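Structure file target.cif (mmCIF, C-alpha atoms and all ligand atoms) follows.
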data_entry
#
loop_
_atom_site.label_atom_id
_atom_site.label_comp_id
_atom_site.auth_asym_id
_atom_site.auth_seq_id
_atom_site.Cartn_x
_atom_site.Cartn_y
_atom_site.Cartn_z
CA MET I 808 0.00 0.00 0.00
CA GLU I 809 1.24 3.46 -0.82
CA PHE I 810 0.72 6.10 1.82
CA ARG I 811 0.08 9.56 0.41
CA SER I 812 -1.33 11.35 3.42
CA ALA I 813 -0.84 11.38 7.17
CA GLY I 814 -3.02 12.60 10.02
CA VAL I 815 -1.28 13.57 13.24
CA ILE I 816 -3.44 13.61 16.37
CA GLY I 817 -2.09 16.05 18.95
CA ALA I 818 -0.13 19.21 18.20
CA GLY I 819 2.20 19.36 21.17
CA ALA I 820 5.92 19.58 20.49
CA TRP I 821 6.22 15.97 19.36
CA GLY I 822 3.09 15.84 17.19
CA THR I 823 4.22 19.03 15.48
CA ALA I 824 7.75 17.69 14.95
CA LEU I 825 6.39 14.45 13.51
CA ALA I 826 4.09 16.41 11.20
CA GLN I 827 7.22 18.15 9.99
CA VAL I 828 8.82 14.74 9.32
CA THR I 829 5.81 13.41 7.38
CA GLY I 830 5.73 16.71 5.49
CA TRP I 831 9.40 16.32 4.56
CA ALA I 832 8.63 12.72 3.56
CA GLY I 833 6.21 14.18 1.01
CA LEU I 834 2.97 13.12 2.69
CA ASP I 835 0.04 15.54 2.71
CA THR I 836 -0.13 16.04 6.44
CA LEU I 837 -3.04 17.16 8.56
CA LEU I 838 -2.14 18.08 12.13
CA GLN I 839 -5.00 18.10 14.65
CA ALA I 840 -4.65 20.64 17.46
CA ARG I 841 -7.03 21.01 20.39
CA GLU I 842 -6.08 24.61 21.28
CA PRO I 843 -7.63 27.31 19.04
CA GLU I 844 -4.49 29.46 19.44
CA VAL I 845 -2.34 26.64 18.05
CA VAL I 846 -4.61 26.30 15.02
CA GLU I 847 -4.46 30.05 14.48
CA SER I 848 -0.70 30.27 14.97
CA ILE I 849 -0.01 27.51 12.43
CA ARG I 850 -2.57 28.85 9.92
CA GLU I 851 -1.31 32.41 10.11
CA ARG I 852 2.42 32.06 10.78
CA ARG I 853 3.22 28.39 9.97
CA ILE I 854 4.63 28.08 13.50
CA ASN I 855 3.27 26.32 16.61
CA GLU I 856 4.22 29.15 18.96
CA ALA I 857 2.77 27.44 22.05
CA PHE I 858 4.56 24.10 21.84
CA LEU I 859 7.32 24.27 19.20
CA PRO I 860 8.36 27.90 18.83
CA GLY I 861 10.82 28.95 16.16
CA VAL I 862 10.12 26.07 13.76
CA VAL I 863 8.54 26.97 10.42
CA LEU I 864 6.44 24.07 9.21
CA ASP I 865 6.82 22.38 5.86
CA ASP I 866 4.35 23.35 3.13
CA HIS I 867 2.84 19.83 3.18
CA VAL I 868 1.55 20.43 6.73
CA ASN I 869 -1.95 21.80 7.35
CA VAL I 870 -3.78 22.15 10.62
CA THR I 871 -7.31 21.43 11.82
CA ALA I 872 -9.19 21.58 15.11
CA ASP I 873 -11.54 18.79 14.09
CA ILE I 874 -10.36 15.22 14.53
CA ALA I 875 -13.03 14.07 12.05
CA ASP I 876 -11.01 15.75 9.27
CA LEU I 877 -8.38 13.03 9.68
CA ALA I 878 -10.82 10.29 8.59
CA ALA I 879 -9.51 10.25 5.01
CA CYS I 880 -5.81 10.08 5.91
CA ASP I 881 -3.91 6.95 4.80
CA LEU I 882 -1.92 6.82 8.00
CA ILE I 883 -2.47 8.15 11.55
CA LEU I 884 0.15 9.17 14.08
CA ALA I 885 -1.32 9.37 17.59
CA VAL I 886 0.65 11.82 19.77
CA PRO I 887 -1.42 12.99 22.74
CA PRO I 888 -0.04 12.74 26.28
CA ALA I 889 -0.34 9.12 27.40
CA GLN I 890 -3.04 9.81 30.01
CA HIS I 891 -5.26 11.34 27.31
CA LEU I 892 -4.80 8.66 24.66
CA ARG I 893 -7.99 6.84 25.65
CA SER I 894 -10.29 9.87 25.42
CA VAL I 895 -8.67 11.11 22.21
CA MET I 896 -8.81 7.76 20.39
CA THR I 897 -12.36 7.13 21.61
CA ALA I 898 -13.29 10.44 19.97
CA PHE I 899 -11.54 9.32 16.78
CA ALA I 900 -13.12 5.83 16.74
CA ALA I 901 -16.19 6.89 14.75
CA HIS I 902 -13.93 8.31 12.01
CA TYR I 903 -11.43 5.45 11.84
CA ARG I 904 -11.31 3.47 8.61
CA PRO I 905 -10.44 -0.20 9.37
CA GLY I 906 -6.98 -1.13 8.09
CA THR I 907 -5.54 2.37 8.45
CA PRO I 908 -2.32 2.04 10.46
CA ILE I 909 -2.22 3.98 13.72
CA VAL I 910 1.34 4.70 14.86
CA LEU I 911 1.38 5.30 18.62
CA CYS I 912 3.99 7.90 19.59
CA SER I 913 3.03 8.68 23.21
CA LYS I 914 5.24 7.38 26.02
CA GLY I 915 3.58 6.21 29.18
CA ILE I 916 1.40 3.78 31.09
CA GLU I 917 -2.21 4.61 31.84
CA ARG I 918 -2.91 5.34 35.47
CA GLY I 919 -5.62 3.22 37.08
CA SER I 920 -5.82 0.57 34.36
CA LEU I 921 -1.98 0.15 34.31
CA LYS I 922 -2.25 -0.48 30.58
CA LEU I 923 0.26 0.09 27.82
CA MET I 924 -0.74 2.44 24.99
CA THR I 925 -1.39 -0.46 22.59
CA ASP I 926 -3.87 -1.95 25.07
CA VAL I 927 -5.57 1.42 25.53
CA LEU I 928 -5.88 1.75 21.75
CA ALA I 929 -7.25 -1.79 21.43
CA GLU I 930 -10.01 -0.86 23.88
CA SER I 931 -10.72 2.52 22.28
CA ILE I 932 -10.71 1.31 18.66
CA PRO I 933 -11.06 -2.49 18.68
CA GLY I 934 -9.25 -4.11 15.75
CA ALA I 935 -7.17 -1.05 14.89
CA THR I 936 -3.95 -1.70 12.98
CA VAL I 937 -1.15 -0.56 15.26
CA ALA I 938 2.55 0.30 15.31
CA VAL I 939 4.72 2.02 17.92
CA LEU I 940 7.31 4.73 17.27
CA SER I 941 9.69 5.45 20.13
CA GLY I 942 13.29 6.39 20.67
CA PRO I 943 15.77 9.14 21.55
CA SER I 944 14.27 12.12 19.80
CA PHE I 945 13.80 15.62 21.15
CA ALA I 946 11.10 17.42 19.15
CA ALA I 947 13.33 20.48 18.90
CA ASP I 948 16.11 18.40 17.27
CA VAL I 949 13.87 16.43 14.91
CA SER I 950 11.91 19.45 13.71
CA ARG I 951 15.17 21.20 12.76
CA GLY I 952 16.36 18.21 10.73
CA LEU I 953 19.10 17.15 13.15
CA PRO I 954 20.00 13.45 12.77
CA THR I 955 17.73 11.14 14.77
CA ALA I 956 17.15 7.38 14.90
CA VAL I 957 14.10 5.74 16.45
CA THR I 958 12.51 2.31 16.80
CA LEU I 959 9.42 1.56 14.72
CA ALA I 960 7.74 -1.55 16.09
CA CYS I 961 5.03 -3.36 14.17
CA ALA I 962 3.92 -6.97 14.64
CA ASP I 963 3.23 -7.23 10.90
CA ALA I 964 6.79 -7.10 9.54
CA ALA I 965 5.70 -6.27 5.98
CA LEU I 966 3.56 -3.34 7.10
CA GLY I 967 6.37 -2.27 9.43
CA GLU I 968 8.74 -2.11 6.50
CA GLU I 969 6.34 0.03 4.48
CA LEU I 970 5.89 2.35 7.44
CA MET I 971 9.64 2.52 7.99
CA TRP I 972 10.23 3.76 4.45
CA THR I 973 7.21 6.05 4.53
CA LEU I 974 8.26 7.74 7.77
CA SER I 975 11.92 8.12 6.93
CA ALA I 976 13.13 11.56 5.96
CA PRO I 977 16.55 13.16 5.61
CA GLY I 978 17.98 12.94 9.12
CA PHE I 979 15.10 10.83 10.49
CA ARG I 980 15.84 7.10 10.52
CA PRO I 981 13.34 4.58 11.87
CA TYR I 982 14.78 1.12 12.69
CA LEU I 983 12.35 -1.78 12.44
CA ALA I 984 11.28 -4.09 15.28
CA THR I 985 8.33 -6.43 15.85
CA ASP I 986 8.20 -6.24 19.65
CA LEU I 987 5.69 -3.54 20.56
CA ILE I 988 5.68 -4.30 24.29
CA GLY I 989 9.44 -3.84 24.61
CA ALA I 990 9.28 -0.56 22.70
CA GLU I 991 6.45 0.73 24.87
CA ALA I 992 8.00 -0.34 28.18
CA GLY I 993 11.27 1.37 27.25
CA GLY I 994 9.59 4.68 26.40
CA ALA I 995 7.43 4.66 29.53
CA LEU I 996 10.14 3.81 32.05
CA LYS I 997 12.89 6.05 30.74
CA ASN I 998 10.84 9.10 31.72
CA VAL I 999 10.53 7.98 35.34
CA LEU I 1000 14.23 7.11 35.44
CA ALA I 1001 15.16 10.50 33.96
CA ILE I 1002 13.48 12.17 36.93
CA ALA I 1003 15.75 10.09 39.19
CA CYS I 1004 18.80 11.13 37.16
CA GLY I 1005 17.76 14.76 37.43
CA ILE I 1006 17.49 14.40 41.21
CA VAL I 1007 21.00 12.91 41.38
CA GLU I 1008 22.37 15.73 39.23
CA GLY I 1009 20.45 18.42 41.12
CA ARG I 1010 21.70 17.09 44.47
CA GLY I 1011 25.29 17.19 43.17
CA LEU I 1012 25.89 13.47 43.71
CA GLY I 1013 28.35 13.26 40.83
CA LYS I 1014 28.72 11.59 37.47
CA SER I 1015 29.59 8.19 38.96
CA ALA I 1016 26.21 8.05 40.71
CA HIS I 1017 24.59 9.26 37.49
CA ALA I 1018 26.14 6.39 35.49
CA ALA I 1019 25.21 3.84 38.17
CA LEU I 1020 21.64 5.09 38.13
CA ILE I 1021 21.32 4.81 34.35
CA THR I 1022 22.69 1.27 34.48
CA ARG I 1023 20.55 0.06 37.36
CA GLY I 1024 17.57 1.89 35.87
CA PHE I 1025 18.14 0.01 32.65
CA ALA I 1026 18.02 -3.24 34.64
CA GLU I 1027 14.60 -2.21 36.03
CA MET I 1028 13.37 -1.31 32.55
CA THR I 1029 14.51 -4.66 31.17
CA ARG I 1030 12.94 -6.65 34.01
CA LEU I 1031 9.58 -4.96 33.64
CA ALA I 1032 9.59 -5.22 29.84
CA VAL I 1033 10.32 -8.95 30.01
CA ALA I 1034 7.67 -9.50 32.70
CA LEU I 1035 5.16 -7.79 30.41
CA GLY I 1036 6.09 -10.14 27.55
CA GLY I 1037 8.60 -7.91 25.74
CA GLU I 1038 12.14 -8.82 24.71
CA ALA I 1039 15.32 -7.70 26.45
CA GLU I 1040 16.92 -7.17 23.02
CA THR I 1041 14.32 -4.56 22.08
CA VAL I 1042 14.89 -2.63 25.28
CA ALA I 1043 18.63 -2.63 24.55
CA GLY I 1044 17.87 -0.65 21.38
CA LEU I 1045 16.92 2.92 20.58
CA CYS I 1046 13.49 2.76 22.27
CA GLY I 1047 14.97 1.68 25.61
CA LEU I 1048 18.63 2.23 26.33
CA GLY I 1049 18.93 4.87 23.60
CA ASP I 1050 16.10 6.98 24.96
CA LEU I 1051 17.24 6.42 28.56
CA VAL I 1052 20.68 7.79 27.74
CA LEU I 1053 19.27 10.83 25.93
CA THR I 1054 16.66 11.69 28.51
CA CYS I 1055 19.01 11.18 31.45
CA SER I 1056 21.74 13.33 29.90
CA SER I 1057 20.16 16.64 29.12
CA PRO I 1058 18.17 19.30 30.97
CA GLN I 1059 16.46 19.76 27.58
CA SER I 1060 14.36 16.79 28.80
CA ARG I 1061 11.25 17.89 30.68
CA ASN I 1062 11.55 14.84 32.90
CA MET I 1063 15.18 15.34 33.75
CA SER I 1064 14.61 19.03 34.40
CA LEU I 1065 11.77 18.15 36.79
CA GLY I 1066 14.20 15.89 38.65
CA LEU I 1067 16.87 18.63 38.64
CA ALA I 1068 14.45 21.04 40.28
CA LEU I 1069 13.49 18.46 42.92
CA GLY I 1070 17.16 17.67 43.58
CA GLN I 1071 17.82 21.38 44.05
CA GLY I 1072 15.16 21.54 46.72
CA GLN I 1073 11.99 22.62 44.94
CA THR I 1074 8.68 20.95 45.76
CA VAL I 1075 6.84 19.04 43.04
CA GLU I 1076 4.27 21.86 42.89
CA GLN I 1077 6.98 24.49 42.45
CA ALA I 1078 8.78 22.42 39.82
CA LEU I 1079 5.62 21.95 37.74
CA ALA I 1080 4.10 25.40 38.27
CA GLY I 1081 3.11 27.22 35.11
CA LYS I 1082 4.24 24.36 32.83
CA ARG I 1083 2.04 23.74 29.86
CA SER I 1084 4.13 20.86 28.54
CA VAL I 1085 3.83 17.32 29.85
CA ALA I 1086 6.38 15.49 32.02
CA GLU I 1087 5.30 11.92 31.32
CA GLY I 1088 7.46 10.45 34.06
CA TYR I 1089 5.45 12.40 36.62
CA GLU I 1090 2.20 11.15 35.06
CA SER I 1091 3.28 7.50 34.74
CA ALA I 1092 5.34 6.97 37.91
CA PRO I 1093 2.44 5.69 40.05
CA ALA I 1094 1.31 3.36 37.26
CA VAL I 1095 4.85 2.02 36.79
CA ARG I 1096 5.10 1.37 40.53
CA ASP I 1097 1.70 -0.37 40.71
CA LEU I 1098 2.35 -2.42 37.58
CA ALA I 1099 5.77 -3.58 38.79
CA ARG I 1100 4.30 -4.59 42.16
CA LYS I 1101 1.46 -6.42 40.44
CA LEU I 1102 3.95 -8.36 38.31
CA GLY I 1103 6.33 -8.97 41.21
CA VAL I 1104 9.15 -7.04 39.52
CA GLU I 1105 11.71 -5.20 41.64
CA THR I 1106 12.00 -1.55 40.56
CA PRO I 1107 13.56 0.32 43.50
CA ILE I 1108 14.46 3.46 41.53
CA CYS I 1109 11.00 3.83 39.98
CA GLU I 1110 9.48 3.11 43.42
CA ALA I 1111 11.59 5.88 44.93
CA VAL I 1112 10.61 8.37 42.23
CA ALA I 1113 6.92 7.55 42.63
CA ALA I 1114 7.18 8.01 46.40
CA VAL I 1115 8.93 11.39 46.10
CA LEU I 1116 6.44 12.64 43.51
CA ALA I 1117 3.52 11.55 45.68
CA GLY I 1118 4.99 13.41 48.67
CA GLU I 1119 5.28 10.17 50.64
CA THR I 1120 8.94 10.74 51.36
CA THR I 1121 11.82 13.12 50.69
CA VAL I 1122 14.67 13.08 48.23
CA ASP I 1123 17.23 12.56 51.02
CA VAL I 1124 15.36 9.66 52.56
CA VAL I 1125 15.08 7.81 49.23
CA ILE I 1126 18.75 8.40 48.41
CA ASP I 1127 19.72 6.91 51.78
CA GLY I 1128 17.30 4.05 51.19
CA LEU I 1129 18.76 3.22 47.75
CA LEU I 1130 22.33 3.37 49.05
CA SER I 1131 21.60 1.08 51.98
CA ARG I 1132 19.94 -1.69 49.98
CA PRO I 1133 21.61 -5.07 50.52
CA LEU I 1134 24.61 -5.70 48.28
CA LYS I 1135 23.96 -8.34 45.66
CA VAL I 1136 25.16 -10.00 42.48
CA GLU I 1137 25.08 -7.66 39.49
CA ARG I 1138 22.56 -8.98 37.04
CA ASN I 1139 19.39 -7.78 35.48
N1 LIG I 1201 8.49 16.52 23.13
C1 LIG I 1201 9.31 15.54 22.75
O1 LIG I 1201 10.49 15.80 22.42
C2 LIG I 1201 8.83 14.13 22.68
C3 LIG I 1201 7.60 13.75 23.21
N2 LIG I 1201 7.18 12.46 23.12
C4 LIG I 1201 5.90 12.04 23.66
O2 LIG I 1201 4.84 12.64 22.94
C5 LIG I 1201 3.67 12.76 23.77
C6 LIG I 1201 3.14 14.17 23.64
O3 LIG I 1201 4.11 15.04 24.18
P1 LIG I 1201 4.43 16.46 23.58
O4 LIG I 1201 4.06 16.55 22.15
O5 LIG I 1201 5.83 16.77 23.94
O6 LIG I 1201 3.41 17.39 24.39
P2 LIG I 1201 3.63 18.90 24.87
O7 LIG I 1201 4.11 18.87 26.27
O8 LIG I 1201 4.47 19.65 23.90
O9 LIG I 1201 2.18 19.49 24.80
C7 LIG I 1201 1.14 19.09 25.65
C8 LIG I 1201 0.09 18.42 24.79
O10 LIG I 1201 -0.94 17.94 25.63
C9 LIG I 1201 -2.16 18.17 24.96
N3 LIG I 1201 -3.26 18.10 25.92
C10 LIG I 1201 -3.42 18.85 27.04
N4 LIG I 1201 -4.58 18.50 27.63
C11 LIG I 1201 -5.14 17.54 26.89
C12 LIG I 1201 -6.35 16.79 26.97
N5 LIG I 1201 -7.21 16.96 27.96
N6 LIG I 1201 -6.61 15.88 26.00
C13 LIG I 1201 -5.75 15.68 24.98
N7 LIG I 1201 -4.60 16.35 24.85
C14 LIG I 1201 -4.30 17.28 25.79
C15 LIG I 1201 -1.97 19.52 24.34
O11 LIG I 1201 -2.92 19.75 23.34
C16 LIG I 1201 -0.57 19.35 23.78
O12 LIG I 1201 -0.63 18.71 22.53
C17 LIG I 1201 4.14 12.40 25.18
O13 LIG I 1201 3.73 11.09 25.48
C18 LIG I 1201 5.65 12.49 25.11
O14 LIG I 1201 6.32 11.60 26.00
C19 LIG I 1201 7.94 11.51 22.50
C20 LIG I 1201 9.15 11.84 21.95
C21 LIG I 1201 9.68 13.16 22.01
O1 LIG I 1202 10.95 11.48 24.86
C1 LIG I 1202 11.74 12.37 24.72
C2 LIG I 1202 13.02 12.21 24.03
O2 LIG I 1202 13.11 10.98 23.39
C3 LIG I 1202 11.45 13.70 25.31
O3 LIG I 1202 11.81 13.67 26.64
P1 LIG I 1202 11.10 14.64 27.68
O4 LIG I 1202 9.63 14.37 27.59
O5 LIG I 1202 11.70 14.29 28.99
O6 LIG I 1202 11.42 16.04 27.25
#
Structure re-expressed in structure tokens:
Amino acid sequence: MEFRSAGVIGAGAWGTALAQVTGWAGLDTLLQAREPEVVESIRERRINEAFLPGVVLDDHVNVTADIADLAACDLILAVPPAQHLRSVMTAFAAHYRPGTPIVLCSKGIERGSLKLMTDVLAESIPGATVAVLSGPSFAADVSRGLPTAVTLACADAALGEELMWTLSAPGFRPYLATDLIGAEAGGALKNVLAIACGIVEGRGLGKSAHAALITRGFAEMTRLAVALGGEAETVAGLCGLGDLVLTCSSPQSRNMSLGLALGQGQTVEQALAGKRSVAEGYESAPAVRDLARKLGVETPICEAVAAVLAGETTVDVVIDGLLSRPLKVERN
């Protein structure tokens, strides 16, 4: 099947950057935005001033407020914050044409249900054709054409290959996988772990602690992914380790910068005040903790982050707690 058009649901930074990519790839792209000022800003100035300032959008990109306008698109990219995926895709269900691939680009686990995004989609639009796009990719980098590589996971390898070619653009390289669960688990956990890395950095605990945290965090990510039915090999790729390294290395990450603020002594409320953009690690931390407990998977770093964010404990207490855990064999 040849894809000529793409609909992008959600015009935050990442939806807008991905619309830029599909525009560069030559697809007629319709970007759905929920905020009237975003629609106006893109229509009048070709820039999403609210969420991706300074980036002039490709001529192939148009904007709409109405999700129904995406009904005719050959391909859908779903990019709302993870906690809103269910409501957004339920609203789109009446307009979905069976067989149209939906590429899930949100990173998180739904609170309450503890479900991955693919499961949320399956309940919102039963029978939808699904793929997952995830990996180390700051919207600001991608939308400026800086080199980026991501994982594109699709259970149907032939469709995955078509999507891989369709979504590739100069500087944007999707790598193919078939393990959706591993790709989703990697993207969801790296955000929680980046908050921990920010705390370590903000508290001035040093680069050695930072490296140890990334490594032990990766072990948690791998354990949970495997317990969910994903593959360790997938998590070792761009969607897991790759994204963990990126997000834990730069204050450009909203999650790491939240952790930095907490490590420097701000409260969660102060750190999030006035922010319009989403920090998915904050949103998903309680779900990661509950899911890991339910599956009997040990995730001490994610547990600690969830406890700090919920105000159950303090940064200093969790650092002491992590450092006084019993010594053990190093393995995943
Ligand atoms: N920004 C980035 O560099 C990257 C983001 N992502 C993922 O993309 C997803 C979207 O994040 P961003 O585009 O960065 O968002 P953003 O933080 O730039 O913007 C917030 C978004 O939330 C939407 N929103 C607010 N309330 C809503 C509601 N009630 N229902 C539906 N949508 C609502 C806004 O319309 C806006 O699109 C997240 O899961 C994030 O982890 C993935 C890769 C890179
Ligand atoms: O997912 C991302 C990079 O791959 C973006 O990270 P933040 O949401 O922490 O900014």
Handout entry: Protein and nucleic acid residues within 7 Å of ligand LIG 1202 (chain I) (all atoms listed in the file) as a list in words
Key =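 So, counting all atoms listed in the file, the residues near ligand LIG 1202 (chain I) are Gly942, Pro943, Ser944, Phe945, Asn998, Asp1050, Leu1053, Thr1054, Gln1059, Ser1060, Arg1061, Asn1062, Met1063, Val1085, Ala1086 and Glu1087 of chain I.
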Practice task
All residues within 6 Å of ligand LIG 1201 (chain I) are required, counting only C-alpha atoms and all ligand atoms; please report them as number ranges by chain.
Solution key: I: 817-822, 841, 858, 886-889, 891, 912-914, 944-946, 1084-1085, 1087
Practice task
Record the distance separating CA of Pro1058 in chain I and CA of Ala826 in chain I, expressed in Å with one decimal.
Solution key: 24.4 Å
Exercise for the section: Could you give me, as a VMD selection string, the residues within 12 Å of Met924 in chain I, counting only C-alpha atoms and dropping anything in the same chain fewer than 6 positions from it? Expected result: chain I and resid 885 to 893 896 909 to 918 930 to 932 937 to 941 987 to 992 994 to 995 1091
Handout entry: Of the listed residues I:Pro954, I:Pro1133, I:Gly1005, I:Gly1036, that which approaches Asp986 in chain I most closely, counting only C-alpha atoms
Key =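 When distances to Asp986 in chain I are compared using only C-alpha atoms, the smallest one comes from I:Gly1036.
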Handout entry: Nearest-residue call for Ala1016 in chain I, choices I:Cys1004, I:Gly906, I:Ser848, I:Gly861, using all atoms listed in the file
Key = I:Cys1004
Exercise for the section: Find the residues around Leu1035 in chain I up to 10 Å (all atoms listed in the file counted), leave out those fewer than 2 positions away in its own chain, and share them as a ChimeraX atom specification. Expected result: /I:923,988-989,992,1029-1033,1037-1038,1098-1099,1102,1104
Write out the residues from the selection above, keeping C-alpha atoms, as a PDB file, in the frame of the given file.
ATOM      1  CA  LEU I 923       0.260   0.090  27.820  1.00  0.00           C
ATOM      2  CA  ILE I 988       5.680  -4.300  24.290  1.00  0.00           C
ATOM      3  CA  GLY I 989       9.440  -3.840  24.610  1.00  0.00           C
ATOM      4  CA  ALA I 992       8.000  -0.340  28.180  1.00  0.00           C
ATOM      5  CA  THR I1029      14.510  -4.660  31.170  1.00  0.00           C
ATOM      6  CA  ARG I1030      12.940  -6.650  34.010  1.00  0.00           C
ATOM      7  CA  LEU I1031       9.580  -4.960  33.640  1.00  0.00           C
ATOM      8  CA  ALA I1032       9.590  -5.220  29.840  1.00  0.00           C
ATOM      9  CA  VAL I1033      10.320  -8.950  30.010  1.00  0.00           C
ATOM     10  CA  GLY I1037       8.600  -7.910  25.740  1.00  0.00           C
ATOM     11  CA  GLU I1038      12.140  -8.820  24.710  1.00  0.00           C
ATOM     12  CA  LEU I1098       2.350  -2.420  37.580  1.00  0.00           C
ATOM     13  CA  ALA I1099       5.770  -3.580  38.790  1.00  0.00           C
ATOM     14  CA  LEU I1102       3.950  -8.360  38.310  1.00  0.00           C
ATOM     15  CA  VAL I1104       9.150  -7.040  39.520  1.00  0.00           C
TER      16      VAL I1104
END
5 Å per side around range 955-965 of chain I: axis-aligned box centre and edge lengths, as lines of an AutoDock Vina configuration file:
center_x = 10.5
center_y = 2.0
center_z = 11.4
size_x = 24.5
size_y = 28.4
size_z = 20.8
Handout entry: Point-to-point distance in Å for CA of Ala878 in chain I and CA of Val846 in chain I
Key = 18.3 Å
Handout entry: Coordinates-based distance that separates CA of Val999 in chain I from CA of Ala1092 in chain I (Å, one decimal)
Key =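 Here the two named atoms are 5.9 Å from each other.
Nearest to Arg904 in chain I of all the residues I:Leu1069, I:Leu825, I:Leu882, I:Ala1078 is I:Leu882, counting all atoms listed in the file.
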Give me, as a PDB file with C-alpha atoms, in the frame of the given file, all polymer residues having an atom no more than 12 Å from Arg1100 in chain I, counting only C-alpha atoms and skipping those fewer than 4 positions away in the same chain.
ATOM      1  CA  LEU I 921      -1.980   0.150  34.310  1.00  0.00           C
ATOM      2  CA  LEU I1031       9.580  -4.960  33.640  1.00  0.00           C
ATOM      3  CA  ALA I1034       7.670  -9.500  32.700  1.00  0.00           C
ATOM      4  CA  PRO I1093       2.440   5.690  40.050  1.00  0.00           C
ATOM      5  CA  ALA I1094       1.310   3.360  37.260  1.00  0.00           C
ATOM      6  CA  VAL I1095       4.850   2.020  36.790  1.00  0.00           C
ATOM      7  CA  ARG I1096       5.100   1.370  40.530  1.00  0.00           C
ATOM      8  CA  VAL I1104       9.150  -7.040  39.520  1.00  0.00           C
ATOM      9  CA  GLU I1105      11.710  -5.200  41.640  1.00  0.00           C
ATOM     10  CA  THR I1106      12.000  -1.550  40.560  1.00  0.00           C
ATOM     11  CA  PRO I1107      13.560   0.320  43.500  1.00  0.00           C
ATOM     12  CA  CYS I1109      11.000   3.830  39.980  1.00  0.00           C
ATOM     13  CA  GLU I1110       9.480   3.110  43.420  1.00  0.00           C
TER      14      GLU I1110
END
Problem - Test item: residues at most 10 Å from range 1123-1127 of chain I, only C-alpha atoms, excluding those fewer than 3 positions along its chain, as a PyMOL selection string - result: chain I and resi 1003+1006-1007+1010+1012+1070+1107-1108+1110-1112+1114-1115+1120+1130-1132
Handout entry: Nearest to Asp1097 in chain I, chosen from I:Ser920, I:Ser1056, I:Ser894, I:Thr973, with all atoms listed in the file counted in the distances
Key = I:Ser920
